[in-house]
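Chemist: Take this structure, written in structure tokens, and hold onto it; I'll ask about it next.
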Amino acid sequence: MGDFVRLSGRDKATVHRHLVELAENGFLEQDRDSRAYRLGPAILRLTAVREATAPVRTVVTPLIEAMAQEVGELVHFSLLHGEQLSPVCHLDPGRHGTHVHFDEAEILPLHATASGIAVLAFGDPALREHVFAGQLTTYAANTPTDPDALRALVTEARETGIAQAFRSFDNEVSSRAVPIFGADGTVTGALAVAMPTSRIGEHSEADIQRVLRDGAARVTNSIGGTVPAHYRDTLARNNA
């Protein structure tokens, strides 16, 4: 209860009433012994309905798995949700003793991740300016907390078609990402390759970029999206 009160900023009585209502409708369930709450079975029903009517995880996961096997590192896909990215699926082929810890329950900030920078670079200009003007929270040693520094990363991504982030969300992790587009050609999410920074030199940059370029088209197509001509031109120009 205490965490819900703290996170919501509401009084205990109001929070308790909401928790009871959510539990009665199956969206939460409470452990009989610990009294702790967890997500309830209604969430599973909604997930199944969402996938049946607008499949995403089921069509994207095989592509993510193939990419991860090809590059030998963790690959993850996330969807834009307001001013954050919500992870959908990921795979680490587990070929190394050290690997990236990825939690699909963790929301990804736009300014501190390669996925977020890819979204800012090719997404709604209004969202981009809103993020530039907002509070840029520090997560790791290289988190861009200065708007000009973030703007430079976004500009670089717009020029190359691929965003990069080195030790900006996690001190031990570096990543590269590309935008994913919806049916109307607007950015709806991002696709990324992440690895321990210490292992960057073991990989061919050209190979990683090739996998991401191909992945941008394949994942976009798999969810019924359309890669806009300006993004295809950007990738082609930098692959010449």
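In the structure tokens, chains take the letters A, B, ... in the order shown, each chain's residues start at 1, and ligands count up from 1 in the order shown.
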Could you find all residues in stretch 110-183 of chain A that DSSP calls strand (DSSP E or B) from the backbone, and write them as a PyMOL selection string?
Modeler: chain A and resi 163-166+173-181
Chemist: Selected residues, N, CA, C and O atoms, written as a compact mmCIF listing (two decimals), in the first residue's frame, please.
Modeler:
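Once everything was written out, this is again.txt:
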```txt
# COMPACT_ATOMS: atom_id res chain seq x y z
N ALA A 163 20.55 5.61 -34.36
CA ALA A 163 20.88 6.31 -33.12
C ALA A 163 21.88 5.50 -32.31
O ALA A 163 21.90 4.26 -32.37
N GLN A 164 22.70 6.20 -31.55
CA GLN A 164 23.68 5.55 -30.70
C GLN A 164 23.61 6.11 -29.29
O GLN A 164 23.34 7.30 -29.10
N ALA A 165 23.87 5.25 -28.31
CA ALA A 165 23.91 5.68 -26.92
C ALA A 165 24.96 4.85 -26.19
O ALA A 165 24.90 3.62 -26.22
N PHE A 166 25.94 5.52 -25.61
CA PHE A 166 27.02 4.84 -24.92
C PHE A 166 27.00 5.20 -23.43
O PHE A 166 27.22 6.34 -23.06
N VAL A 173 26.47 -0.41 -20.41
CA VAL A 173 25.79 -0.82 -21.65
C VAL A 173 25.85 0.27 -22.72
O VAL A 173 25.73 1.46 -22.41
N SER A 174 26.04 -0.16 -23.95
CA SER A 174 25.96 0.73 -25.10
C SER A 174 25.01 0.11 -26.12
O SER A 174 24.87 -1.11 -26.19
N SER A 175 24.34 0.95 -26.90
CA SER A 175 23.33 0.42 -27.83
C SER A 175 23.21 1.28 -29.07
O SER A 175 23.64 2.44 -29.10
N ARG A 176 22.59 0.68 -30.09
CA ARG A 176 22.28 1.35 -31.34
C ARG A 176 20.83 1.01 -31.67
O ARG A 176 20.39 -0.10 -31.37
N ALA A 177 20.13 1.93 -32.31
CA ALA A 177 18.71 1.69 -32.54
C ALA A 177 18.22 2.38 -33.80
O ALA A 177 18.83 3.35 -34.28
N VAL A 178 17.12 1.87 -34.32
CA VAL A 178 16.45 2.45 -35.49
C VAL A 178 14.97 2.63 -35.17
O VAL A 178 14.42 1.92 -34.33
N PRO A 179 14.32 3.57 -35.82
CA PRO A 179 12.88 3.77 -35.59
C PRO A 179 12.05 2.72 -36.31
O PRO A 179 12.48 2.16 -37.33
N ILE A 180 10.88 2.47 -35.77
CA ILE A 180 9.89 1.59 -36.40
C ILE A 180 8.65 2.43 -36.69
O ILE A 180 8.25 3.26 -35.86
N PHE A 181 8.05 2.22 -37.84
CA PHE A 181 6.98 3.09 -38.30
C PHE A 181 5.63 2.36 -38.37
O PHE A 181 5.57 1.15 -38.61
```
Chemist: Write out as number ranges by chain the residues lying within 10 Å of A:Gln209, counting only C-alpha atoms and excluding same-chain residues fewer than 3 positions away.
Modeler: A: 161-162, 176-178, 193, 204-206, 212-215, 235, 239
Chemist: Between A:Ile107, A:Leu150, A:Ala217, A:Met67, which residue has the minimum interatomic distance to A:Ala194, considering only C-alpha atoms?
Modeler: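 Of A:Ile107, A:Leu150, A:Ala217, A:Met67, the one nearest A:Ala194, counting only C-alpha atoms, is A:Met67.
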Chemist: With only C-alpha atoms as the counted atoms, please give the residues lying no more than 6 Å from stretch 80-96 of chain A, apart from itself and same-chain residues fewer than 6 positions off, as a list in words.
Modeler: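 The residues that qualify are Glu65, Gln69, Glu73, Leu74, Glu104, Ile107, Leu108, Pro109, Leu110, Thr188 and Gly189 of chain A.
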Chemist: Hey, which of A:Ala236, A:Ile223, A:Ala48, A:Ala149 ends up closest to A:Val60? Count only C-alpha atoms.
Modeler: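 Answer, going by the shortest atom-to-atom distance: A:Ile223.
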Chemist: Skipping near chain neighbours, those fewer than 5 positions away, what residues fall within 10 Å of A:Thr145 using only C-alpha atoms, listed as a list in words?
Modeler: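 My list of contacting residues is His111, Ala112, Phe132, Gly134, Gln135, Leu136, Thr137, Thr138, Tyr139, Leu150 and Ser168 of chain A.
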Chemist: Using only N, CA, C and O atoms, please write the residues we just selected to a file, as an mmCIF file, in the first residue's frame.
Modeler:
```
data_model
loop_
_atom_site.group_PDB
_atom_site.id
_atom_site.type_symbol
_atom_site.label_atom_id
_atom_site.label_comp_id
_atom_site.auth_asym_id
_atom_site.auth_seq_id
_atom_site.Cartn_x
_atom_site.Cartn_y
_atom_site.Cartn_z
ATOM 1 N N HIS A 111 15.253 10.319 -23.762
ATOM 2 C CA HIS A 111 16.511 11.059 -23.882
ATOM 3 C C HIS A 111 17.741 10.229 -23.517
ATOM 4 O O HIS A 111 18.857 10.616 -23.875
ATOM 5 N N ALA A 112 17.562 9.100 -22.827
ATOM 6 C CA ALA A 112 18.701 8.373 -22.278
ATOM 7 C C ALA A 112 18.985 7.043 -22.963
ATOM 8 O O ALA A 112 19.892 6.323 -22.537
ATOM 9 N N PHE A 132 13.186 18.171 -25.292
ATOM 10 C CA PHE A 132 14.321 19.085 -25.162
ATOM 11 C C PHE A 132 14.078 20.107 -24.049
ATOM 12 O O PHE A 132 15.000 20.482 -23.322
ATOM 13 N N GLY A 134 12.095 19.759 -21.416
ATOM 14 C CA GLY A 134 11.731 19.183 -20.134
ATOM 15 C C GLY A 134 12.925 18.833 -19.278
ATOM 16 O O GLY A 134 14.083 19.111 -19.613
ATOM 17 N N GLN A 135 12.660 18.196 -18.145
ATOM 18 C CA GLN A 135 13.716 17.762 -17.240
ATOM 19 C C GLN A 135 14.350 16.487 -17.780
ATOM 20 O O GLN A 135 13.669 15.491 -18.019
ATOM 21 N N LEU A 136 15.665 16.510 -17.949
ATOM 22 C CA LEU A 136 16.396 15.372 -18.481
ATOM 23 C C LEU A 136 17.086 14.661 -17.318
ATOM 24 O O LEU A 136 18.176 15.044 -16.889
ATOM 25 N N THR A 137 16.455 13.621 -16.833
ATOM 26 C CA THR A 137 16.918 12.906 -15.648
ATOM 27 C C THR A 137 18.215 12.155 -15.917
ATOM 28 O O THR A 137 18.406 11.566 -16.985
ATOM 29 N N THR A 138 19.102 12.165 -14.954
ATOM 30 C CA THR A 138 20.361 11.429 -15.049
ATOM 31 C C THR A 138 20.151 9.965 -14.669
ATOM 32 O O THR A 138 19.585 9.666 -13.615
ATOM 33 N N TYR A 139 20.629 9.056 -15.528
ATOM 34 C CA TYR A 139 20.550 7.628 -15.251
ATOM 35 C C TYR A 139 21.929 6.988 -15.151
ATOM 36 O O TYR A 139 22.113 6.001 -14.441
ATOM 37 N N LEU A 150 21.789 16.563 -26.083
ATOM 38 C CA LEU A 150 20.767 15.665 -26.612
ATOM 39 C C LEU A 150 20.443 16.023 -28.056
ATOM 40 O O LEU A 150 20.290 15.138 -28.914
ATOM 41 N N SER A 168 24.595 5.642 -21.375
ATOM 42 C CA SER A 168 23.685 6.749 -21.074
ATOM 43 C C SER A 168 22.492 6.342 -20.209
ATOM 44 O O SER A 168 21.900 7.177 -19.537
#
```
Chemist: Calculate how many Å separate atom CA of A:Ala216 from atom CA of A:Thr58, rounding to one decimal.
Modeler: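 For atom CA of A:Ala216 relative to atom CA of A:Thr58, the distance reads 16.8 Å.
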Chemist: Which of these residues is nearest to A:Gly123, using only C-alpha atoms: A:Asn221, A:Thr186, A:Thr143, A:Thr155?
Modeler: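 For A:Gly123, the nearest of the given residues is A:Thr186.
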Chemist: Enter the distance from atom CA of A:Pro196 to atom CA of A:Glu172, in Å, rounded to one decimal.
Modeler: 5.5 Å
Chemist: Extract the full set of alpha helix (DSSP H) residues from stretch 6-214 of chain A according to DSSP on the backbone, and format it as a ChimeraX atom specification.
Modeler: /A:6-8,12-24,41-53,57-71,114-122,125-133,147-160,205-214
Chemist: Quick check, in Å to one decimal: how far apart do atom CA of A:Glu202 and atom CA of A:Thr113 lie?
Modeler: 21.5 Å
Chemist: For A:Glu159, which residue out of A:Thr14, A:Thr47, A:Thr61, A:Asn238 is the nearest one, using only C-alpha atoms?
Modeler: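 The shortest atom-to-atom distance to A:Glu159 comes from A:Asn238.
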Chemist: Extract, using only C-alpha atoms, all DNA, RNA and protein residues at most 8 Å from A:Asn171, discarding same-chain residues fewer than 5 positions from it, and format them as JSON, numbers by chain.
Modeler: {"A": [140, 141, 142]}
Chemist: I need the residue nearest A:Arg57 from this list: A:Phe77, A:Arg38, A:His130, A:Val20. Use only C-alpha atoms for the distance.
Modeler: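 So, comparing all the options, the nearest one is A:Phe77.
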Chemist: Out of A:Leu28, A:Ala121, A:Ala192, A:Leu127, which residue has the shortest atom-to-atom distance to A:Ala157 when counting only C-alpha atoms?
Modeler: A:Ala121
Chemist: May I have the residues within 12 Å of A:Asn25 as a tab-separated table (two decimals) with all heavy atoms, in the first residue's frame, using only C-alpha atoms and disregarding those fewer than 2 positions away in the same chain?
Modeler:
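Below is the file part.tsv, written as the result:
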```
chain	number	residue	atom	x	y	z
A	18	HIS	N	-9.23	2.31	-4.87
A	18	HIS	CA	-8.86	1.94	-6.24
A	18	HIS	C	-8.31	0.52	-6.31
A	18	HIS	O	-8.63	-0.24	-7.24
A	18	HIS	CB	-7.82	2.92	-6.79
A	18	HIS	CG	-8.37	4.28	-7.07
A	18	HIS	ND1	-9.62	4.50	-7.60
A	18	HIS	CD2	-7.81	5.52	-6.94
A	18	HIS	CE1	-9.83	5.78	-7.77
A	18	HIS	NE2	-8.74	6.43	-7.37
A	19	LEU	N	-7.49	0.14	-5.35
A	19	LEU	CA	-6.92	-1.20	-5.34
A	19	LEU	C	-8.01	-2.26	-5.20
A	19	LEU	O	-7.97	-3.29	-5.87
A	19	LEU	CB	-5.90	-1.33	-4.21
A	19	LEU	CG	-4.61	-0.52	-4.36
A	19	LEU	CD1	-3.74	-0.67	-3.12
A	19	LEU	CD2	-3.83	-0.95	-5.60
A	20	VAL	N	-8.97	-2.01	-4.35
A	20	VAL	CA	-10.08	-2.95	-4.16
A	20	VAL	C	-10.87	-3.10	-5.45
A	20	VAL	O	-11.22	-4.22	-5.87
A	20	VAL	CB	-10.99	-2.49	-3.01
A	20	VAL	CG1	-12.28	-3.32	-2.98
A	20	VAL	CG2	-10.26	-2.61	-1.67
A	21	GLU	N	-11.15	-1.99	-6.12
A	21	GLU	CA	-11.91	-2.03	-7.37
A	21	GLU	C	-11.14	-2.78	-8.46
A	21	GLU	O	-11.72	-3.58	-9.21
A	21	GLU	CB	-12.22	-0.61	-7.83
A	21	GLU	CG	-13.24	0.11	-6.94
A	21	GLU	CD	-13.47	1.54	-7.36
A	21	GLU	OE1	-12.76	2.01	-8.29
A	21	GLU	OE2	-14.34	2.22	-6.78
A	22	LEU	N	-9.84	-2.53	-8.54
A	22	LEU	CA	-9.03	-3.24	-9.53
A	22	LEU	C	-8.98	-4.74	-9.24
A	22	LEU	O	-9.05	-5.55	-10.17
A	22	LEU	CB	-7.61	-2.65	-9.55
A	22	LEU	CG	-7.46	-1.26	-10.16
A	22	LEU	CD1	-6.07	-0.69	-9.88
A	22	LEU	CD2	-7.71	-1.30	-11.67
A	23	ALA	N	-8.89	-5.09	-7.98
A	23	ALA	CA	-8.87	-6.51	-7.62
A	23	ALA	C	-10.21	-7.18	-7.90
A	23	ALA	O	-10.27	-8.31	-8.40
A	23	ALA	CB	-8.50	-6.65	-6.13
A	27	PHE	N	-7.99	-7.08	-12.36
A	27	PHE	CA	-6.77	-6.45	-12.87
A	27	PHE	C	-5.62	-6.54	-11.88
A	27	PHE	O	-4.46	-6.42	-12.25
A	27	PHE	CB	-7.04	-4.99	-13.22
A	27	PHE	CG	-8.01	-4.83	-14.36
A	27	PHE	CD1	-9.33	-4.48	-14.14
A	27	PHE	CD2	-7.59	-5.07	-15.66
A	27	PHE	CE1	-10.22	-4.37	-15.18
A	27	PHE	CE2	-8.48	-4.96	-16.72
A	27	PHE	CZ	-9.81	-4.60	-16.49
A	28	LEU	N	-5.93	-6.76	-10.62
A	28	LEU	CA	-4.95	-7.02	-9.58
A	28	LEU	C	-5.41	-8.23	-8.77
A	28	LEU	O	-6.60	-8.56	-8.75
A	28	LEU	CB	-4.79	-5.83	-8.63
A	28	LEU	CG	-4.14	-4.55	-9.16
A	28	LEU	CD1	-4.15	-3.48	-8.09
A	28	LEU	CD2	-2.73	-4.80	-9.66
A	29	GLU	N	-4.45	-8.87	-8.12
A	29	GLU	CA	-4.80	-9.89	-7.14
A	29	GLU	C	-3.84	-9.75	-5.96
A	29	GLU	O	-2.70	-9.31	-6.13
A	29	GLU	CB	-4.76	-11.29	-7.73
A	29	GLU	CG	-3.44	-11.69	-8.34
A	29	GLU	CD	-3.53	-13.05	-9.03
A	29	GLU	OE1	-4.65	-13.52	-9.30
A	29	GLU	OE2	-2.47	-13.64	-9.30
A	39	LEU	N	-0.26	-8.25	-10.72
A	39	LEU	CA	-1.22	-8.15	-11.81
A	39	LEU	C	-2.15	-9.35	-11.81
A	39	LEU	O	-1.73	-10.48	-11.57
A	39	LEU	CB	-0.49	-8.05	-13.16
A	39	LEU	CG	0.36	-6.79	-13.36
A	39	LEU	CD1	1.07	-6.84	-14.71
A	39	LEU	CD2	-0.48	-5.53	-13.25
A	40	GLY	N	-3.41	-9.11	-12.13
A	40	GLY	CA	-4.41	-10.16	-12.10
A	40	GLY	C	-4.68	-10.80	-13.45
A	40	GLY	O	-4.15	-10.37	-14.49
A	41	PRO	N	-5.54	-11.81	-13.51
A	41	PRO	CA	-5.81	-12.56	-14.73
A	41	PRO	C	-6.48	-11.74	-15.82
A	41	PRO	O	-6.39	-12.09	-17.01
A	41	PRO	CB	-6.71	-13.70	-14.25
A	41	PRO	CG	-7.32	-13.20	-12.98
A	41	PRO	CD	-6.27	-12.36	-12.35
A	42	ALA	N	-7.15	-10.66	-15.47
A	42	ALA	CA	-7.80	-9.84	-16.50
A	42	ALA	C	-6.78	-9.24	-17.46
A	42	ALA	O	-7.08	-9.01	-18.63
A	42	ALA	CB	-8.62	-8.72	-15.85
A	43	ILE	N	-5.56	-9.02	-16.95
A	43	ILE	CA	-4.50	-8.50	-17.82
A	43	ILE	C	-4.18	-9.50	-18.92
A	43	ILE	O	-3.96	-9.13	-20.08
A	43	ILE	CB	-3.24	-8.19	-16.99
A	43	ILE	CG1	-3.53	-7.11	-15.94
A	43	ILE	CG2	-2.10	-7.77	-17.89
A	43	ILE	CD1	-3.87	-5.77	-16.51
A	45	ARG	N	-6.22	-11.65	-20.20
A	45	ARG	CA	-7.32	-11.64	-21.16
A	45	ARG	C	-7.18	-10.46	-22.12
A	45	ARG	O	-7.33	-10.61	-23.34
A	45	ARG	CB	-8.66	-11.56	-20.42
A	45	ARG	CG	-9.87	-11.64	-21.37
A	45	ARG	CD	-11.19	-11.53	-20.61
A	45	ARG	NE	-11.44	-10.17	-20.12
A	45	ARG	CZ	-11.37	-9.81	-18.85
A	45	ARG	NH1	-11.05	-10.69	-17.91
A	45	ARG	NH2	-11.62	-8.56	-18.50
```
